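Enquirer: This is the structure I want to talk about, given as C-alpha cells.
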Amino acid sequence: MTPTALAYLLCFVSAVTVAAVGFLIKRGGDVLVARSVMSFGMGLTALPFAFVVPLPPVEIIPAFTLAVAVHWVYQTAMISALHRGDLSMVFPVMRGLGPLMAGIFAVFVLQETFSPAGWLGLTLASAAVIVFALPAGKTDGQRAIDRSALFFAGLTAVGIGAYTVTDAYVIRQLPKPETFIVWLFLIDWIGVAVIAVIRRWGRLAESYRPVVRDGLIGGVVGAISYAAALYAFTLIDAALVAALRETSIIFAALMGAIWLKEGFGIRRVAAAATMACGLLMMQVFG
C-alpha cells in the first residue's frame with residue numbers, strides 16, 4: 001500500500017470513528033460530563049504506551065503546550081455547541097467548516113496550499129454544510145437557540161482548524177509520531193475534566209453515573225480516531241487530512257437521524273452529496 005493510500009484509509013477510519021464519538025457524547029445527555037469521561041478514557045487508552053515512548057524533546061515543549069491549549073479551547077466550544085443544538089445540525093457545521101479553517105491556517109503556518117480547483121472544492125463543501133444546518137419550519141424561540149448553537153459550532157470549526165495545524169506542525173518535528181499521540185492523550189483530558197467537576201460540583205455521582213459506559217467506549221473509539229488522523233498528518237497535507245476526515249458529518253447526521261430521531265430530509269441529503277463532491281474535488285485537484 002502506498003503512503004497516500006494508507007493516509008486515505010486512516011482518514012476514512014478516523015471519519016467513521018469521530019462520528020461515533022459525537023453520537024455517543026450526544027446520546028449521553030450531559031455533553032460536558034460525557035466529553036470529560038471520553039477524554040479521560042482516551043488518556044487511559046494511551047497510559048500503557050507512556051512507558052515505551054520517549055518524552056517530547058525540550059525544544060518542542062512550547063509548541064506542544066500551544067497544541068494542548070488549542071485542544072482545550074476547541075473542546076469547550078464543542079461542548080457549548082452540542083448543548084444548544086441537534087447533533088445533525090451543529091456537527092456538520094463544526095466538522096464541515098473545520099477543513100476550510102485548517103486550509104487557511106496551513107497556508108501561513110505550514111506553507112501548504114491548494115490549486116484554484118482545490119480551493120473551489122473546499123469552499124463548495126463548506127457552503128454545503130451551512131445549507132445542511134439551516135433550520136427550517138421552526139418557531140422564533142427555536143431559531144434563536146439555533147443561532148446560538150451555530151455560533152459555538154463556528155467557533156469549534158476555528159478550533160478544529162487551529163488544532164489541525166498545530167498538531168501537524170508538532171508531530172512533523174518529532175522522530176516518532178507516537179510521542180505526540182500518547183502524551184497529547186495523557187494531558188488533553190485535564191482541561192475538560194476540571195470544567196466538568198467545577199460545574200457539576202455537589203452532584204458529581206449522579207452526573208457521571210449514566211455516562212460512564214458510553215464515555216469510556218467513546219474514549220477508546222476517540223483514541224483510535226485521532227491517532228489515525230495524526231499518523232495521516234505525517235503522510236499527506238494537513239488540510240487534506242482534515243477534509244477527508246470531515247466526511248464524518250454524513251455518518252454523524254445519519255446516526256442522529258436513525259437513533260436520536262433528529263430530522264434529516266431531502267435538503268440535507270442534497271447538501272451532504274454536494275459536500276462530498278466538494279471534498280472529492282479537493283482530493284483530485286488539490
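Identifiers for the C-alpha cells are assigned positionally: chains receive A, B, ... in sequence, residues are indexed from 1 per chain, and ligands are indexed from 1 in the order shown.
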Find the residues around Ile187 of chain A up to 12 Å (only C-alpha atoms counted), leave out those fewer than 5 positions away in its own chain, and share them as number ranges by chain.

Expert: A: 39-44, 46-47, 50, 64-65, 67-69, 71-72, 180-182, 192-193

Enquirer: I'd like the neighbourhood of Phe233 of chain A as a ChimeraX atom specification, where a residue qualifies if any of its atoms comes within 10 Å (using only C-alpha atoms), though same-chain residues fewer than 6 positions away should be ignored.

Expert: /A:7,10-11,164-165,167-169,171-172,177,227,239-242

Enquirer: Can I get the selection written as a tab-separated table (two decimals), in the first residue's frame, with all heavy atoms?

Expert:
```
chain	number	residue	atom	x	y	z
A	7	ALA	N	-2.80	6.86	3.94
A	7	ALA	CA	-3.33	8.08	4.54
A	7	ALA	C	-4.84	8.17	4.32
A	7	ALA	O	-5.59	8.54	5.24
A	7	ALA	CB	-2.63	9.30	3.96
A	10	LEU	N	-6.56	5.74	6.64
A	10	LEU	CA	-6.55	6.25	8.02
A	10	LEU	C	-7.60	7.35	8.19
A	10	LEU	O	-8.28	7.41	9.23
A	10	LEU	CB	-5.17	6.79	8.35
A	10	LEU	CG	-4.04	5.76	8.52
A	10	LEU	CD1	-2.69	6.45	8.62
A	10	LEU	CD2	-4.29	4.89	9.74
A	11	CYS	N	-7.75	8.19	7.19
A	11	CYS	CA	-8.74	9.27	7.27
A	11	CYS	C	-10.16	8.73	7.27
A	11	CYS	O	-11.04	9.26	7.97
A	11	CYS	CB	-8.55	10.25	6.11
A	11	CYS	SG	-7.05	11.25	6.24
A	164	THR	N	-5.65	21.31	14.07
A	164	THR	CA	-5.14	20.53	12.94
A	164	THR	C	-3.75	21.01	12.56
A	164	THR	O	-2.81	20.21	12.37
A	164	THR	CB	-6.08	20.66	11.74
A	164	THR	OG1	-7.34	20.06	12.05
A	164	THR	CG2	-5.50	19.95	10.51
A	165	VAL	N	-3.59	22.31	12.47
A	165	VAL	CA	-2.31	22.88	12.04
A	165	VAL	C	-1.25	22.76	13.13
A	165	VAL	O	-0.10	22.37	12.85
A	165	VAL	CB	-2.50	24.35	11.62
A	165	VAL	CG1	-1.16	25.03	11.36
A	165	VAL	CG2	-3.36	24.41	10.35
A	167	ASP	N	-1.14	20.58	15.60
A	167	ASP	CA	-0.79	19.17	15.78
A	167	ASP	C	0.10	18.68	14.64
A	167	ASP	O	1.07	17.94	14.87
A	167	ASP	CB	-2.05	18.32	15.85
A	167	ASP	CG	-2.82	18.51	17.15
A	167	ASP	OD1	-2.40	19.34	17.98
A	167	ASP	OD2	-3.86	17.86	17.32
A	168	ALA	N	-0.24	19.07	13.40
A	168	ALA	CA	0.58	18.66	12.25
A	168	ALA	C	1.99	19.22	12.37
A	168	ALA	O	2.98	18.52	12.08
A	168	ALA	CB	-0.07	19.13	10.96
A	169	TYR	N	2.08	20.46	12.82
A	169	TYR	CA	3.40	21.08	12.98
A	169	TYR	C	4.23	20.31	14.00
A	169	TYR	O	5.41	19.99	13.76
A	169	TYR	CB	3.26	22.54	13.40
A	169	TYR	CG	4.58	23.21	13.70
A	169	TYR	CD1	5.38	23.70	12.68
A	169	TYR	CD2	5.04	23.31	15.03
A	169	TYR	CE1	6.60	24.28	12.96
A	169	TYR	CE2	6.25	23.89	15.30
A	169	TYR	CZ	7.04	24.39	14.28
A	169	TYR	OH	8.25	24.96	14.56
A	171	ILE	N	3.85	17.20	15.31
A	171	ILE	CA	4.13	15.79	15.04
A	171	ILE	C	5.18	15.63	13.95
A	171	ILE	O	5.93	14.64	13.93
A	171	ILE	CB	2.83	15.04	14.68
A	171	ILE	CG1	3.00	13.53	14.94
A	171	ILE	CG2	2.41	15.28	13.24
A	171	ILE	CD1	1.70	12.76	14.92
A	172	ARG	N	5.28	16.61	13.05
A	172	ARG	CA	6.30	16.54	12.00
A	172	ARG	C	7.69	16.89	12.51
A	172	ARG	O	8.67	16.64	11.82
A	172	ARG	CB	5.91	17.47	10.84
A	172	ARG	CG	4.70	16.97	10.07
A	172	ARG	CD	4.24	17.98	9.04
A	172	ARG	NE	3.01	17.54	8.38
A	172	ARG	CZ	2.33	18.27	7.49
A	172	ARG	NH1	2.77	19.49	7.18
A	172	ARG	NH2	1.22	17.80	6.94
A	177	PRO	N	6.09	9.67	15.70
A	177	PRO	CA	4.75	10.26	15.90
A	177	PRO	C	4.09	9.79	17.18
A	177	PRO	O	3.29	10.52	17.77
A	177	PRO	CB	3.97	9.77	14.67
A	177	PRO	CG	5.00	9.42	13.65
A	177	PRO	CD	6.19	8.95	14.43
A	227	ALA	N	-5.72	9.16	16.64
A	227	ALA	CA	-4.42	8.56	16.35
A	227	ALA	C	-4.28	8.30	14.85
A	227	ALA	O	-3.21	8.54	14.26
A	227	ALA	CB	-4.24	7.27	17.13
A	239	ALA	N	-4.38	19.97	5.66
A	239	ALA	CA	-5.72	20.41	5.25
A	239	ALA	C	-6.45	19.29	4.51
A	239	ALA	O	-7.68	19.17	4.62
A	239	ALA	CB	-5.63	21.65	4.37
A	240	LEU	N	-5.73	18.47	3.76
A	240	LEU	CA	-6.36	17.35	3.07
A	240	LEU	C	-6.81	16.30	4.08
A	240	LEU	O	-7.89	15.71	3.94
A	240	LEU	CB	-5.40	16.74	2.05
A	240	LEU	CG	-5.95	15.59	1.20
A	240	LEU	CD1	-7.24	15.99	0.50
A	240	LEU	CD2	-4.91	15.13	0.18
A	241	VAL	N	-6.02	16.05	5.10
A	241	VAL	CA	-6.43	15.14	6.16
A	241	VAL	C	-7.72	15.64	6.80
A	241	VAL	O	-8.68	14.88	7.01
A	241	VAL	CB	-5.33	15.01	7.24
A	241	VAL	CG1	-5.85	14.20	8.43
A	241	VAL	CG2	-4.10	14.34	6.66
A	242	ALA	N	-7.76	16.93	7.11
A	242	ALA	CA	-8.95	17.50	7.73
A	242	ALA	C	-10.17	17.34	6.83
A	242	ALA	O	-11.26	16.99	7.28
A	242	ALA	CB	-8.72	18.98	8.04
```

Enquirer: Which residue, A:Val170, A:Arg84, A:Gly218, A:Ile61, has the smallest gap to Leu150 of chain A when you use only C-alpha atoms?

Expert: A:Arg84

Enquirer: Have a look at atom CA of Ala127 of chain A and atom CA of Arg245 of chain A and let me know their distance in Å, one decimal.

Expert: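 Atom CA of Arg245 of chain A lies 17.1 Å from atom CA of Ala127 of chain A.
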
Enquirer: Choose the residue, out of A:Asp237, A:Leu254, A:Gly219, A:Ser248, that has the smallest atom-to-atom separation from Thr113 of chain A; count only C-alpha atoms.

Expert: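 Result for the nearest residue to Thr113 of chain A: A:Asp237.
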
Enquirer: For Leu100 of chain A, please output as an mmCIF file with all heavy atoms, in the first residue's frame all residues within 12 Å (counting only C-alpha atoms; exclusion window: fewer than 6 positions along the same chain).

Expert:
```cif
data_model
loop_
_atom_site.group_PDB
_atom_site.id
_atom_site.type_symbol
_atom_site.label_atom_id
_atom_site.label_comp_id
_atom_site.auth_asym_id
_atom_site.auth_seq_id
_atom_site.Cartn_x
_atom_site.Cartn_y
_atom_site.Cartn_z
ATOM 1 N N VAL A 93 -21.656 21.681 10.837
ATOM 2 C CA VAL A 93 -21.026 22.995 10.773
ATOM 3 C C VAL A 93 -19.623 22.946 11.361
ATOM 4 O O VAL A 93 -18.642 23.367 10.727
ATOM 5 C CB VAL A 93 -21.878 24.049 11.509
ATOM 6 C CG1 VAL A 93 -21.141 25.382 11.570
ATOM 7 C CG2 VAL A 93 -23.211 24.222 10.807
ATOM 8 N N MET A 94 -19.503 22.400 12.570
ATOM 9 C CA MET A 94 -18.193 22.447 13.216
ATOM 10 C C MET A 94 -17.194 21.509 12.542
ATOM 11 O O MET A 94 -15.999 21.828 12.453
ATOM 12 C CB MET A 94 -18.315 22.140 14.708
ATOM 13 C CG MET A 94 -18.850 20.798 15.094
ATOM 14 S SD MET A 94 -19.230 20.783 16.889
ATOM 15 C CE MET A 94 -19.563 19.047 17.143
ATOM 16 N N ALA A 106 -3.121 26.601 7.432
ATOM 17 C CA ALA A 106 -1.973 25.856 6.906
ATOM 18 C C ALA A 106 -1.166 26.677 5.912
ATOM 19 O O ALA A 106 0.048 26.478 5.780
ATOM 20 C CB ALA A 106 -2.439 24.560 6.251
ATOM 21 N N VAL A 107 -1.818 27.599 5.224
ATOM 22 C CA VAL A 107 -1.102 28.457 4.282
ATOM 23 C C VAL A 107 -0.031 29.268 5.011
ATOM 24 O O VAL A 107 1.101 29.411 4.540
ATOM 25 C CB VAL A 107 -2.086 29.400 3.556
ATOM 26 C CG1 VAL A 107 -1.325 30.467 2.767
ATOM 27 C CG2 VAL A 107 -2.991 28.607 2.621
ATOM 28 N N THR A 113 -0.785 24.681 0.474
ATOM 29 C CA THR A 113 -1.875 25.358 -0.226
ATOM 30 C C THR A 113 -2.491 24.407 -1.237
ATOM 31 O O THR A 113 -2.036 23.274 -1.410
ATOM 32 C CB THR A 113 -1.394 26.641 -0.920
ATOM 33 O OG1 THR A 113 -2.527 27.377 -1.402
ATOM 34 C CG2 THR A 113 -0.456 26.321 -2.085
ATOM 35 N N PHE A 114 -3.554 24.879 -1.935
ATOM 36 C CA PHE A 114 -4.254 24.075 -2.929
ATOM 37 C C PHE A 114 -4.256 24.798 -4.263
ATOM 38 O O PHE A 114 -4.020 26.012 -4.336
ATOM 39 C CB PHE A 114 -5.706 23.817 -2.501
ATOM 40 C CG PHE A 114 -5.839 22.967 -1.267
ATOM 41 C CD1 PHE A 114 -6.210 23.532 -0.058
ATOM 42 C CD2 PHE A 114 -5.602 21.610 -1.314
ATOM 43 C CE1 PHE A 114 -6.334 22.767 1.077
ATOM 44 C CE2 PHE A 114 -5.723 20.825 -0.187
ATOM 45 C CZ PHE A 114 -6.088 21.407 1.012
ATOM 46 N N GLY A 118 -8.893 23.090 -6.142
ATOM 47 C CA GLY A 118 -8.950 22.545 -4.792
ATOM 48 C C GLY A 118 -9.619 23.498 -3.816
ATOM 49 O O GLY A 118 -10.444 23.092 -2.994
ATOM 50 N N TRP A 119 -9.274 24.791 -3.913
ATOM 51 C CA TRP A 119 -9.922 25.787 -3.061
ATOM 52 C C TRP A 119 -11.407 25.890 -3.367
ATOM 53 O O TRP A 119 -12.234 26.076 -2.462
ATOM 54 C CB TRP A 119 -9.259 27.154 -3.241
ATOM 55 C CG TRP A 119 -7.985 27.312 -2.479
ATOM 56 C CD1 TRP A 119 -6.722 27.401 -2.992
ATOM 57 C CD2 TRP A 119 -7.832 27.389 -1.058
ATOM 58 N NE1 TRP A 119 -5.796 27.519 -1.986
ATOM 59 C CE2 TRP A 119 -6.445 27.530 -0.788
ATOM 60 C CE3 TRP A 119 -8.725 27.354 0.015
ATOM 61 C CZ2 TRP A 119 -5.948 27.626 0.510
ATOM 62 C CZ3 TRP A 119 -8.228 27.459 1.308
ATOM 63 C CH2 TRP A 119 -6.858 27.589 1.549
ATOM 64 N N LEU A 120 -11.764 25.774 -4.661
ATOM 65 C CA LEU A 120 -13.175 25.811 -5.045
ATOM 66 C C LEU A 120 -13.925 24.648 -4.411
ATOM 67 O O LEU A 120 -15.035 24.813 -3.883
ATOM 68 C CB LEU A 120 -13.314 25.766 -6.572
ATOM 69 C CG LEU A 120 -14.750 25.713 -7.118
ATOM 70 C CD1 LEU A 120 -15.525 26.955 -6.699
ATOM 71 C CD2 LEU A 120 -14.743 25.572 -8.639
ATOM 72 N N GLY A 121 -13.319 23.453 -4.452
ATOM 73 C CA GLY A 121 -13.950 22.295 -3.837
ATOM 74 C C GLY A 121 -14.124 22.466 -2.341
ATOM 75 O O GLY A 121 -15.169 22.128 -1.771
ATOM 76 N N LEU A 122 -13.118 23.042 -1.684
ATOM 77 C CA LEU A 122 -13.197 23.260 -0.245
ATOM 78 C C LEU A 122 -14.282 24.283 0.102
ATOM 79 O O LEU A 122 -15.049 24.104 1.048
ATOM 80 C CB LEU A 122 -11.838 23.728 0.277
ATOM 81 C CG LEU A 122 -11.674 23.899 1.790
ATOM 82 C CD1 LEU A 122 -12.055 22.621 2.525
ATOM 83 C CD2 LEU A 122 -10.251 24.296 2.126
ATOM 84 N N THR A 123 -14.371 25.340 -0.704
ATOM 85 C CA THR A 123 -15.395 26.357 -0.476
ATOM 86 C C THR A 123 -16.791 25.790 -0.721
ATOM 87 O O THR A 123 -17.734 26.079 0.027
ATOM 88 C CB THR A 123 -15.159 27.563 -1.396
ATOM 89 O OG1 THR A 123 -13.842 28.070 -1.172
ATOM 90 C CG2 THR A 123 -16.176 28.665 -1.134
ATOM 91 N N LEU A 124 -16.924 24.972 -1.770
ATOM 92 C CA LEU A 124 -18.213 24.346 -2.077
ATOM 93 C C LEU A 124 -18.656 23.444 -0.934
ATOM 94 O O LEU A 124 -19.823 23.469 -0.520
ATOM 95 C CB LEU A 124 -18.086 23.534 -3.373
ATOM 96 C CG LEU A 124 -19.344 22.794 -3.849
ATOM 97 C CD1 LEU A 124 -20.440 23.790 -4.213
ATOM 98 C CD2 LEU A 124 -19.016 21.904 -5.045
ATOM 99 N N ALA A 125 -17.733 22.667 -0.405
ATOM 100 C CA ALA A 125 -18.068 21.780 0.710
ATOM 101 C C ALA A 125 -18.482 22.578 1.940
ATOM 102 O O ALA A 125 -19.441 22.218 2.640
ATOM 103 C CB ALA A 125 -16.869 20.887 1.038
ATOM 104 N N SER A 126 -17.787 23.674 2.193
ATOM 105 C CA SER A 126 -18.117 24.499 3.351
ATOM 106 C C SER A 126 -19.493 25.131 3.211
ATOM 107 O O SER A 126 -20.274 25.179 4.169
ATOM 108 C CB SER A 126 -17.050 25.587 3.534
ATOM 109 O OG SER A 126 -15.782 25.006 3.740
ATOM 110 N N ALA A 127 -19.815 25.623 2.008
ATOM 111 C CA ALA A 127 -21.138 26.204 1.770
ATOM 112 C C ALA A 127 -22.233 25.153 1.928
ATOM 113 O O ALA A 127 -23.314 25.430 2.458
ATOM 114 C CB ALA A 127 -21.200 26.817 0.372
ATOM 115 N N VAL A 129 -22.303 22.576 3.904
ATOM 116 C CA VAL A 129 -22.632 22.234 5.289
ATOM 117 C C VAL A 129 -23.446 23.335 5.963
ATOM 118 O O VAL A 129 -24.241 23.069 6.867
ATOM 119 C CB VAL A 129 -21.376 21.912 6.136
ATOM 120 C CG1 VAL A 129 -20.666 20.698 5.595
ATOM 121 C CG2 VAL A 129 -20.438 23.103 6.225
ATOM 122 N N GLY A 154 -19.430 27.312 14.870
ATOM 123 C CA GLY A 154 -18.436 28.019 14.074
ATOM 124 C C GLY A 154 -17.146 28.229 14.841
ATOM 125 O O GLY A 154 -16.037 28.087 14.289
ATOM 126 N N ALA A 157 -15.274 25.127 14.785
ATOM 127 C CA ALA A 157 -14.597 24.936 13.495
ATOM 128 C C ALA A 157 -13.260 25.659 13.467
ATOM 129 O O ALA A 157 -12.256 25.133 12.951
ATOM 130 C CB ALA A 157 -15.488 25.427 12.362
ATOM 131 N N VAL A 158 -13.227 26.868 14.029
ATOM 132 C CA VAL A 158 -11.958 27.592 14.121
ATOM 133 C C VAL A 158 -10.974 26.798 14.974
ATOM 134 O O VAL A 158 -9.785 26.676 14.637
ATOM 135 C CB VAL A 158 -12.175 29.001 14.708
ATOM 136 C CG1 VAL A 158 -10.836 29.699 14.946
ATOM 137 C CG2 VAL A 158 -13.051 29.837 13.778
ATOM 138 N N GLY A 159 -11.463 26.234 16.081
ATOM 139 C CA GLY A 159 -10.613 25.414 16.929
ATOM 140 C C GLY A 159 -10.094 24.184 16.207
ATOM 141 O O GLY A 159 -8.933 23.806 16.371
ATOM 142 N N ILE A 160 -10.952 23.569 15.392
ATOM 143 C CA ILE A 160 -10.522 22.391 14.625
ATOM 144 C C ILE A 160 -9.405 22.763 13.655
ATOM 145 O O ILE A 160 -8.399 22.054 13.533
ATOM 146 C CB ILE A 160 -11.715 21.771 13.876
ATOM 147 C CG1 ILE A 160 -12.673 21.116 14.869
ATOM 148 C CG2 ILE A 160 -11.240 20.746 12.842
ATOM 149 C CD1 ILE A 160 -13.989 20.687 14.251
ATOM 150 N N GLY A 161 -9.590 23.880 12.956
ATOM 151 C CA GLY A 161 -8.544 24.331 12.045
ATOM 152 C C GLY A 161 -7.243 24.614 12.774
ATOM 153 O O GLY A 161 -6.155 24.255 12.293
ATOM 154 N N ALA A 162 -7.354 25.241 13.953
ATOM 155 C CA ALA A 162 -6.156 25.592 14.716
ATOM 156 C C ALA A 162 -5.443 24.353 15.236
ATOM 157 O O ALA A 162 -4.210 24.234 15.132
ATOM 158 C CB ALA A 162 -6.533 26.523 15.868
ATOM 159 N N THR A 164 -5.655 21.306 14.074
ATOM 160 C CA THR A 164 -5.137 20.531 12.944
ATOM 161 C C THR A 164 -3.745 21.010 12.560
ATOM 162 O O THR A 164 -2.815 20.212 12.372
ATOM 163 C CB THR A 164 -6.078 20.655 11.736
ATOM 164 O OG1 THR A 164 -7.341 20.061 12.054
ATOM 165 C CG2 THR A 164 -5.502 19.947 10.511
ATOM 166 N N VAL A 165 -3.590 22.314 12.473
ATOM 167 C CA VAL A 165 -2.313 22.877 12.037
ATOM 168 C C VAL A 165 -1.252 22.755 13.132
ATOM 169 O O VAL A 165 -0.105 22.374 12.854
ATOM 170 C CB VAL A 165 -2.502 24.347 11.616
ATOM 171 C CG1 VAL A 165 -1.162 25.029 11.364
ATOM 172 C CG2 VAL A 165 -3.357 24.414 10.348
ATOM 173 N N ALA A 238 -1.912 18.561 5.816
ATOM 174 C CA ALA A 238 -2.817 18.623 6.966
ATOM 175 C C ALA A 238 -4.233 18.999 6.558
ATOM 176 O O ALA A 238 -5.208 18.431 7.062
ATOM 177 C CB ALA A 238 -2.282 19.620 7.993
ATOM 178 N N ALA A 239 -4.380 19.974 5.656
ATOM 179 C CA ALA A 239 -5.718 20.406 5.249
ATOM 180 C C ALA A 239 -6.455 19.287 4.513
ATOM 181 O O ALA A 239 -7.679 19.165 4.625
ATOM 182 C CB ALA A 239 -5.635 21.647 4.366
ATOM 183 N N LEU A 240 -5.727 18.473 3.762
ATOM 184 C CA LEU A 240 -6.362 17.353 3.075
ATOM 185 C C LEU A 240 -6.808 16.297 4.078
ATOM 186 O O LEU A 240 -7.889 15.707 3.939
ATOM 187 C CB LEU A 240 -5.400 16.745 2.047
ATOM 188 C CG LEU A 240 -5.948 15.590 1.197
ATOM 189 C CD1 LEU A 240 -7.243 15.993 0.496
ATOM 190 C CD2 LEU A 240 -4.910 15.133 0.184
ATOM 191 N N VAL A 241 -6.017 16.054 5.096
ATOM 192 C CA VAL A 241 -6.431 15.140 6.165
ATOM 193 C C VAL A 241 -7.719 15.638 6.798
ATOM 194 O O VAL A 241 -8.681 14.876 7.005
ATOM 195 C CB VAL A 241 -5.330 15.006 7.236
ATOM 196 C CG1 VAL A 241 -5.848 14.196 8.432
ATOM 197 C CG2 VAL A 241 -4.099 14.342 6.660
ATOM 198 N N ALA A 242 -7.757 16.926 7.106
ATOM 199 C CA ALA A 242 -8.952 17.497 7.725
ATOM 200 C C ALA A 242 -10.165 17.337 6.827
ATOM 201 O O ALA A 242 -11.261 16.990 7.284
ATOM 202 C CB ALA A 242 -8.718 18.976 8.044
ATOM 203 N N ALA A 243 -9.990 17.587 5.537
ATOM 204 C CA ALA A 243 -11.114 17.477 4.606
ATOM 205 C C ALA A 243 -11.628 16.051 4.498
ATOM 206 O O ALA A 243 -12.840 15.799 4.523
ATOM 207 C CB ALA A 243 -10.691 17.992 3.226
ATOM 208 N N LEU A 244 -10.710 15.099 4.375
ATOM 209 C CA LEU A 244 -11.119 13.700 4.277
ATOM 210 C C LEU A 244 -11.793 13.233 5.566
ATOM 211 O O LEU A 244 -12.784 12.507 5.550
ATOM 212 C CB LEU A 244 -9.904 12.827 3.973
ATOM 213 C CG LEU A 244 -9.288 12.981 2.584
ATOM 214 C CD1 LEU A 244 -7.938 12.275 2.521
ATOM 215 C CD2 LEU A 244 -10.216 12.435 1.520
ATOM 216 N N GLU A 246 -13.469 14.974 7.655
ATOM 217 C CA GLU A 246 -14.752 15.603 7.939
ATOM 218 C C GLU A 246 -15.901 15.071 7.094
ATOM 219 O O GLU A 246 -17.015 15.582 7.167
ATOM 220 C CB GLU A 246 -14.643 17.115 7.814
ATOM 221 C CG GLU A 246 -13.593 17.761 8.692
ATOM 222 C CD GLU A 246 -13.457 17.186 10.099
ATOM 223 O OE1 GLU A 246 -14.357 16.466 10.577
ATOM 224 O OE2 GLU A 246 -12.428 17.447 10.724
ATOM 225 N N GLY A 278 -17.590 18.371 -3.208
ATOM 226 C CA GLY A 278 -16.574 19.380 -2.958
ATOM 227 C C GLY A 278 -15.305 18.790 -2.380
ATOM 228 O O GLY A 278 -14.189 19.140 -2.793
ATOM 229 N N LEU A 279 -15.458 17.877 -1.438
ATOM 230 C CA LEU A 279 -14.291 17.230 -0.850
ATOM 231 C C LEU A 279 -13.563 16.361 -1.875
ATOM 232 O O LEU A 279 -12.335 16.261 -1.870
ATOM 233 C CB LEU A 279 -14.711 16.396 0.361
ATOM 234 C CG LEU A 279 -15.268 17.189 1.549
ATOM 235 C CD1 LEU A 279 -15.669 16.244 2.676
ATOM 236 C CD2 LEU A 279 -14.272 18.212 2.058
ATOM 237 N N MET A 282 -11.368 18.496 -3.890
ATOM 238 C CA MET A 282 -10.145 18.783 -3.140
ATOM 239 C C MET A 282 -9.118 17.673 -3.295
ATOM 240 O O MET A 282 -7.928 17.926 -3.493
ATOM 241 C CB MET A 282 -10.487 18.930 -1.660
ATOM 242 C CG MET A 282 -10.453 20.344 -1.132
ATOM 243 S SD MET A 282 -10.600 20.325 0.666
ATOM 244 C CE MET A 282 -8.885 20.214 1.126
#
```

Enquirer: Find, counting only C-alpha atoms, the residue in A:Val18, A:Leu55, A:Ala34, A:Ala63 that gets nearest to Pro175 of chain A.

Expert: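 Answer, going by the shortest atom-to-atom distance: A:Leu55.
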